[in-house]
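Input: a single structure, listed below in structure tokens.
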Amino acid sequence: MSEFVFQGESALSLDGKGRVTVPARFRDALAALCAGQMTLTKSPSRCLLLFPRPAWVEFRAKLLALPMEADNFRRLYLGSAIDVDIDSGSRVLLSPELRTWARLDKELMLVGMGGRMEIWDRERYLANEEATLAQPMPDALRNLVI
């Protein structure tokens, strides 16, 4: 299988046990990429990052190679990382600690970000998007947009 790129947004609901259902459009790719084995961790954007395990292993190796001055961010990523599996109901359990940290309520957004996904509280995601649109477009993107 070629390198799968996670893209697009999916509205999700957190169930009473703290689980989210993985969208159908990602299930086959995740089965092929990582047999449903994922890693969940914090993001400096105050959302959660969900990596297929091979992508996490690659990212973790890059983190471990950084100089000591990166320890606080290394701690954020590595110190909060937990391995999760997609269950038979196509759900992933989000730990209470990570849900609280990311301020996740019942309505969530799953956002494809290339080799990983982000899990946001829906209201915070929409507010972040509006704040982004209120800023000038970075030069690196200005010439990219068709």
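Residue names in the structure tokens use chain letters A, B, ... in the order shown, residue numbers from 1 in each chain, and ligand numbers from 1 in the order shown.
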
Out of region 53-121 of chain A, which residues get strand (DSSP E) from DSSP, as a list in words? Ile82, Asp83, Val84, Asp85, Arg91, Val92, Leu93, Glu107, Leu108, Met109, Leu110, Val111, Gly112, Met113, Gly114, Met117, Glu118, Ile119, Trp120 and Asp121 of chain A

If you take only C-alpha atoms and a cut-off of 10 Å, which residues of region 26-103 of chain A touch region 122-131 of chain A, and what are their nearest atom pairs and distances in Å to one decimal, in chain and number order, as JSON lines?
```
{"residue": "A:Ser45", "atom": "CA", "partner": "A:Asn128", "partner_atom": "CA", "distance": 9.3}
{"residue": "A:Arg46", "atom": "CA", "partner": "A:Arg124", "partner_atom": "CA", "distance": 9.4}
{"residue": "A:Cys47", "atom": "CA", "partner": "A:Tyr125", "partner_atom": "CA", "distance": 8.7}
{"residue": "A:Ala102", "atom": "CA", "partner": "A:Arg124", "partner_atom": "CA", "distance": 9.8}
{"residue": "A:Arg103", "atom": "CA", "partner": "A:Arg124", "partner_atom": "CA", "distance": 8.8}
```

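The interatomic distance for the pair CA of Val5 (chain A) and CA of Ala31 (chain A) works out to 14.0 Å.
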
Show me, as a PyMOL selection string, the residues that have an atom within 9 Å of region 89-96 of chain A when counting only C-alpha atoms, minus same-chain residues fewer than 3 positions from it. chain A and resi 14+17-24+27+36+38+40+82+84-86+99-101

Could you check how far CA of Leu64 (chain A) sits from CA of Leu141 (chain A), in Å to one decimal? 29.7 Å

Report the residues of region 27-108 of chain A whose backbone DSSP state falls under helix (DSSP H, G or I), written as a count of residues only. 39

Between CA of Gly8 (chain A) and CA of Phe73 (chain A), what is the distance in Å, rounded to a tenth?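 If I compute the distance from CA of Gly8 (chain A) to CA of Phe73 (chain A), I get 26.6 Å.
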
Any idea what's packed within 6 Å of Thr41 (chain A), counting only C-alpha atoms, ignoring anything in its chain fewer than 3 positions away? Could you give it as a ChimeraX atom specification? /A:48-49,77,80-81

Those residues with N, CA and C atoms, as a tab-separated table (two decimals), in the first residue's frame please?
```
chain	number	residue	atom	x	y	z
A	48	LEU	N	-5.56	16.76	20.77
A	48	LEU	CA	-4.86	15.48	20.87
A	48	LEU	C	-4.39	15.06	19.48
A	49	LEU	N	-3.24	14.43	19.43
A	49	LEU	CA	-2.71	13.88	18.19
A	49	LEU	C	-2.92	12.37	18.21
A	77	TYR	N	5.05	15.66	24.51
A	77	TYR	CA	4.70	14.57	23.59
A	77	TYR	C	4.91	13.19	24.21
A	80	SER	N	3.01	12.17	27.72
A	80	SER	CA	1.57	11.96	27.69
A	80	SER	C	1.15	10.87	26.71
A	81	ALA	N	2.08	10.30	25.98
A	81	ALA	CA	1.75	9.33	24.93
A	81	ALA	C	1.22	8.03	25.53
```

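Comparing A:Leu12, A:Leu50, A:Leu78, A:Ala140 by their smallest distance to Arg116 (chain A), the closest is A:Leu50 (using only C-alpha atoms).
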
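Proximity of A:Ile119, A:Leu76, A:Ala65, A:Met113 to Ala11 (chain A), computed with only C-alpha atoms, is greatest for A:Ile119.
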